[in-house]
>>> print(open('protein-v5.tsv').read())   # TSV, C-alpha atoms
chain	number	residue	atom	x	y	z
A	15	MET	CA	-49.54	-202.92	-322.34
A	16	ASP	CA	-52.94	-201.80	-323.48
A	17	LYS	CA	-54.22	-198.90	-321.33
A	18	LYS	CA	-57.62	-200.50	-320.76
A	19	LEU	CA	-55.98	-203.66	-319.41
A	20	VAL	CA	-53.63	-201.67	-317.16
A	21	ASP	CA	-56.57	-199.65	-315.82
A	22	GLU	CA	-58.58	-202.82	-315.12
A	23	ILE	CA	-55.64	-204.48	-313.34
A	24	ASN	CA	-55.17	-201.37	-311.20
A	25	LEU	CA	-58.88	-201.56	-310.37
A	26	GLN	CA	-58.45	-205.24	-309.51
A	27	ILE	CA	-55.70	-204.36	-307.04
A	28	LYS	CA	-58.25	-202.15	-305.27
A	29	TYR	CA	-60.79	-205.01	-305.19
A	30	GLU	CA	-58.22	-207.46	-303.84
A	31	PHE	CA	-57.31	-205.08	-301.01
A	32	PHE	CA	-61.02	-204.53	-300.36
A	33	SER	CA	-61.42	-208.31	-300.12
A	34	SER	CA	-58.66	-208.43	-297.51
A	35	HIS	CA	-60.51	-205.83	-295.43
A	36	LEU	CA	-63.80	-207.65	-295.86
A	37	TYR	CA	-62.28	-210.88	-294.54
A	38	LEU	CA	-60.62	-209.07	-291.65
A	39	ALA	CA	-64.04	-207.63	-290.75
A	40	MET	CA	-65.49	-211.15	-290.95
A	41	ALA	CA	-62.68	-212.39	-288.68
A	42	ALA	CA	-63.69	-209.77	-286.11
A	43	PHE	CA	-67.34	-210.85	-286.46
A	44	ALA	CA	-66.37	-214.49	-285.90
A	45	ASN	CA	-64.35	-213.51	-282.84
A	46	SER	CA	-67.34	-211.61	-281.43
A	47	ARG	CA	-69.34	-214.85	-281.64
A	48	ASN	CA	-66.55	-216.90	-279.97
A	49	PHE	CA	-65.70	-218.70	-283.22
A	50	ASP	CA	-61.94	-218.48	-282.77
A	51	GLY	CA	-61.28	-221.05	-285.48
A	52	PHE	CA	-63.38	-219.18	-288.02
A	53	GLU	CA	-61.62	-215.98	-286.97
A	54	ASN	CA	-58.36	-217.68	-287.97
A	55	TRP	CA	-59.93	-219.01	-291.19
A	56	PHE	CA	-61.01	-215.51	-292.24
A	57	LYS	CA	-57.61	-214.03	-291.29
A	58	VAL	CA	-55.92	-216.59	-293.52
A	59	GLN	CA	-58.35	-215.62	-296.27
A	60	ARG	CA	-57.33	-211.99	-295.70
A	61	ASP	CA	-53.67	-212.96	-296.14
A	62	GLU	CA	-54.50	-214.68	-299.43
A	63	GLU	CA	-56.23	-211.56	-300.74
A	64	VAL	CA	-53.25	-209.37	-299.88
A	65	PHE	CA	-51.07	-211.90	-301.71
A	66	HIS	CA	-53.36	-211.63	-304.75
A	67	ALA	CA	-53.23	-207.82	-304.69
A	68	MET	CA	-49.45	-207.87	-304.51
A	69	LYS	CA	-49.27	-210.40	-307.34
A	70	PHE	CA	-51.14	-207.93	-309.58
A	71	TYR	CA	-48.99	-205.08	-308.24
A	72	THR	CA	-45.75	-206.90	-309.10
A	73	TYR	CA	-47.07	-207.94	-312.51
A	74	LEU	CA	-47.76	-204.35	-313.55
A	75	LEU	CA	-44.34	-203.22	-312.36
A	76	ASP	CA	-42.66	-206.13	-314.14
A	77	ARG	CA	-44.41	-205.03	-317.34
A	78	GLY	CA	-43.14	-201.46	-316.91
A	79	GLU	CA	-46.55	-200.05	-315.99
A	80	GLU	CA	-47.60	-197.65	-313.26
A	81	VAL	CA	-49.43	-199.02	-310.23
A	82	ILE	CA	-52.19	-196.74	-308.97
A	83	ILE	CA	-53.51	-197.52	-305.49
A	84	THR	CA	-57.00	-196.19	-304.76
A	85	GLY	CA	-59.36	-196.40	-301.79
A	86	PHE	CA	-62.53	-198.39	-301.36
A	87	ASP	CA	-65.79	-198.49	-299.43
A	88	ASN	CA	-66.01	-199.86	-295.90
A	89	PRO	CA	-66.66	-203.61	-295.77
A	90	LYS	CA	-69.88	-205.06	-294.37
A	91	THR	CA	-69.47	-205.82	-290.67
A	92	ASP	CA	-72.90	-206.91	-289.42
A	93	TYR	CA	-74.21	-210.42	-289.99
A	94	LYS	CA	-77.09	-212.27	-288.36
A	95	SER	CA	-75.14	-215.52	-288.30
A	96	LEU	CA	-71.93	-217.25	-289.32
A	97	THR	CA	-73.82	-218.81	-292.23
A	98	GLU	CA	-74.87	-215.37	-293.46
A	99	ALA	CA	-71.25	-214.16	-293.31
A	100	LEU	CA	-70.04	-217.21	-295.24
A	101	GLU	CA	-72.77	-216.83	-297.86
A	102	TYR	CA	-71.92	-213.15	-298.23
A	103	ALA	CA	-68.27	-214.13	-298.73
A	104	LEU	CA	-69.23	-216.70	-301.38
A	105	ASN	CA	-71.23	-214.05	-303.20
A	106	HIS	CA	-68.26	-211.68	-302.97
A	107	GLU	CA	-65.99	-214.36	-304.45
A	108	GLY	CA	-68.46	-214.66	-307.31
A	109	PHE	CA	-67.97	-210.93	-307.92
A	110	VAL	CA	-64.19	-211.39	-307.87
A	111	THR	CA	-64.53	-214.26	-310.34
A	112	SER	CA	-66.51	-212.01	-312.68
A	113	ARG	CA	-63.72	-209.40	-312.41
A	114	ILE	CA	-61.02	-211.96	-313.23
A	115	ASN	CA	-63.10	-213.12	-316.20
A	116	LEU	CA	-63.38	-209.50	-317.36
A	117	LEU	CA	-59.60	-209.13	-317.14
A	118	MET	CA	-59.21	-212.29	-319.22
A	119	ASP	CA	-61.72	-210.94	-321.77
A	120	VAL	CA	-59.75	-207.69	-322.11
A	121	ALA	CA	-56.39	-209.49	-322.32
A	122	THR	CA	-57.81	-211.77	-325.03
A	123	GLU	CA	-59.35	-208.83	-326.89
A	124	VAL	CA	-56.02	-206.98	-327.03
A	125	LYS	CA	-54.05	-210.21	-327.66
A	126	ASP	CA	-51.80	-209.75	-324.62
A	127	TYR	CA	-50.58	-213.34	-324.35
A	128	ALA	CA	-48.38	-212.68	-321.33
A	129	ALA	CA	-51.39	-211.30	-319.46
A	130	ILE	CA	-53.51	-214.27	-320.57
A	131	GLN	CA	-50.93	-216.66	-319.13
A	132	PHE	CA	-50.67	-214.61	-315.92
A	133	LEU	CA	-54.45	-214.45	-315.47
A	134	GLN	CA	-54.88	-218.22	-315.89
A	135	TRP	CA	-53.51	-218.66	-312.34
A	136	PHE	CA	-56.29	-216.40	-311.03
A	137	ILE	CA	-58.96	-218.26	-313.02
A	138	ASN	CA	-57.90	-221.50	-311.31
A	139	GLU	CA	-57.60	-219.77	-307.93
A	140	GLN	CA	-61.18	-218.50	-308.12
A	141	VAL	CA	-62.51	-222.01	-308.71
A	142	GLU	CA	-60.74	-223.04	-305.50
A	143	GLU	CA	-61.92	-219.96	-303.57
A	144	GLU	CA	-65.59	-220.51	-304.39
A	145	ASP	CA	-65.32	-224.25	-303.71
A	146	ASN	CA	-63.77	-223.60	-300.28
A	147	PHE	CA	-66.65	-221.35	-299.27
A	148	ARG	CA	-69.32	-223.73	-300.63
A	149	ASN	CA	-67.78	-226.61	-298.67
A	150	LEU	CA	-67.59	-224.58	-295.47
A	151	ILE	CA	-71.18	-223.37	-295.86
A	152	GLY	CA	-72.31	-226.96	-296.41
A	153	LYS	CA	-70.59	-228.14	-293.24
A	154	VAL	CA	-72.00	-225.31	-291.12
A	155	LYS	CA	-75.51	-225.87	-292.47
A	156	MET	CA	-75.19	-229.60	-291.82
A	157	VAL	CA	-74.44	-229.17	-288.11
A	158	GLY	CA	-75.97	-225.78	-287.29
A	159	GLU	CA	-74.27	-222.98	-285.39
A	160	THR	CA	-74.57	-224.36	-281.88
A	161	GLY	CA	-73.43	-227.54	-280.23
A	162	GLU	CA	-70.68	-230.07	-280.67
A	163	GLY	CA	-70.75	-230.14	-284.47
A	164	ILE	CA	-69.92	-226.47	-284.97
A	165	PHE	CA	-67.33	-226.74	-282.20
A	166	HIS	CA	-65.48	-229.38	-284.25
A	167	ILE	CA	-65.73	-227.38	-287.48
A	168	ASP	CA	-64.41	-224.35	-285.61
A	169	LEU	CA	-61.45	-226.45	-284.40
A	170	GLU	CA	-60.82	-227.55	-287.99
A	171	ALA	CA	-60.95	-223.92	-289.20
A	172	ALA	CA	-58.34	-223.00	-286.57
A	173	LYS	CA	-55.81	-225.26	-288.31
A	174	ARG	CA	-55.87	-223.36	-291.61
A	175	ILE	CA	-52.61	-221.61	-292.46
A	176	PHE	CA	-51.51	-219.39	-295.32
A	177	THR	CA	-48.73	-220.80	-297.43
A	178	PRO	CA	-47.89	-218.71	-300.49
A	179	PRO	CA	-47.61	-220.81	-303.66
A	180	ALA	CA	-44.02	-221.83	-304.45
A	181	ALA	CA	-44.16	-220.66	-308.06
A	182	VAL	CA	-46.01	-217.40	-308.39
>>> encode(input="protein-v5.tsv", output="structure tokens")
Amino acid sequence: MDKKLVDEINLQIKYEFFSSHLYLAMAAFANSRNFDGFENWFKVQRDEEVFHAMKFYTYLLDRGEEVIITGFDNPKTDYKSLTEALEYALNHEGFVTSRINLLMDVATEVKDYAAIQFLQWFINEQVEEEDNFRNLIGKVKMVGETGEGIFHIDLEAAKRIFTPPAAV
């Protein structure tokens, strides 16, 4: 594999693990506001990010490359509201999308067709990730963060579970 692509994938592993910590911090924030369902929703999101990191990890090993795990900054933990946390998460997913696009650009540049095929899954996943956050933000903004409406959305968020894709 091209060294630049390997380096960028190793960097992506770091960002995916950072994302998992960010969502765990958001789960703790939700819990502190008595949003138990949103706590679950963010914990499921954390599980997805760990899955993504390990998918990159396995891919590099399968290609005979070295995986280099590095540290990251502390995630943001203070939000004025649930809406602010969700909007921050959507913005973060936009950053992740830009990273995946960069990986695809590098893979295309070096004509690594196996990597291009591998990365297509992440391109599709990011569309879903951003859409999930936009939908959740829309629902919370529609009902506000107090009262019966948010209670029902919180109950809905409590039902979310992580199911790894069958074919990874």
>>> atom_distance(input="protein-v5.tsv", atom1="atom CA of Leu36 of chain A", atom2="atom CA of Leu104 of chain A")
11.9 Å
>>> closest_residue(input="protein-v5.tsv", among="A:Pro178, A:Thr97, A:Phe136, A:Leu169", to="Ile151 of chain A", atoms="all atoms listed in the file")
A:Thr97
>>> closest_residue(input="protein-v5.tsv", among="A:Lys18, A:Lys90, A:Arg174, A:Arg77", to="Leu38 of chain A", atoms="only C-alpha atoms")
A:Lys90
>>> residues_around(input="protein-v5.tsv", residues="Tyr127 of chain A", least_positions_apart="6", cutoff="12 Å", atoms="all atoms listed in the file", output="list in words")
Met15, Asp16, Met118, Asp119, Val120, Ala121, Leu133 and Gln134 of chain A
>>> residues_near_point(input="protein-v5.tsv", point="(-70.5, -213.6, -306.7)", cutoff="12 Å", atoms="only C-alpha atoms", output="list in words")
Glu101, Tyr102, Ala103, Leu104, Asn105, His106, Glu107, Gly108, Phe109, Val110, Thr111, Ser112, Arg113, Ile114, Gln140, Val141, Glu143, Glu144, Phe147 and Arg148 of chain A
>>> closest_residue(input="protein-v5.tsv", among="A:Lys17, A:Lys28, A:Lys57, A:Lys155", to="Ala44 of chain A", atoms="only C-alpha atoms")
A:Lys57
>>> atom_distance(input="protein-v5.tsv", atom1="atom CA of Leu19 of chain A", atom2="atom CA of Ser34 of chain A")
22.6 Å
>>> closest_residue(input="protein-v5.tsv", among="A:Ala99, A:Leu25, A:Leu75, A:Ala39", to="Arg60 of chain A", atoms="all atoms listed in the file")
A:Ala39
>>> atom_distance(input="protein-v5.tsv", atom1="atom CA of Met68 of chain A", atom2="atom CA of Thr122 of chain A")
22.5 Å
>>> closest_residue(input="protein-v5.tsv", among="A:His166, A:Lys125, A:Leu96, A:Glu139", to="Glu62 of chain A", atoms="all atoms listed in the file")
A:Glu139
>>> closest_residue(input="protein-v5.tsv", among="A:Leu100, A:Ala180, A:Ile164, A:Ile27", to="Asp50 of chain A", atoms="all atoms listed in the file")
A:Ile164
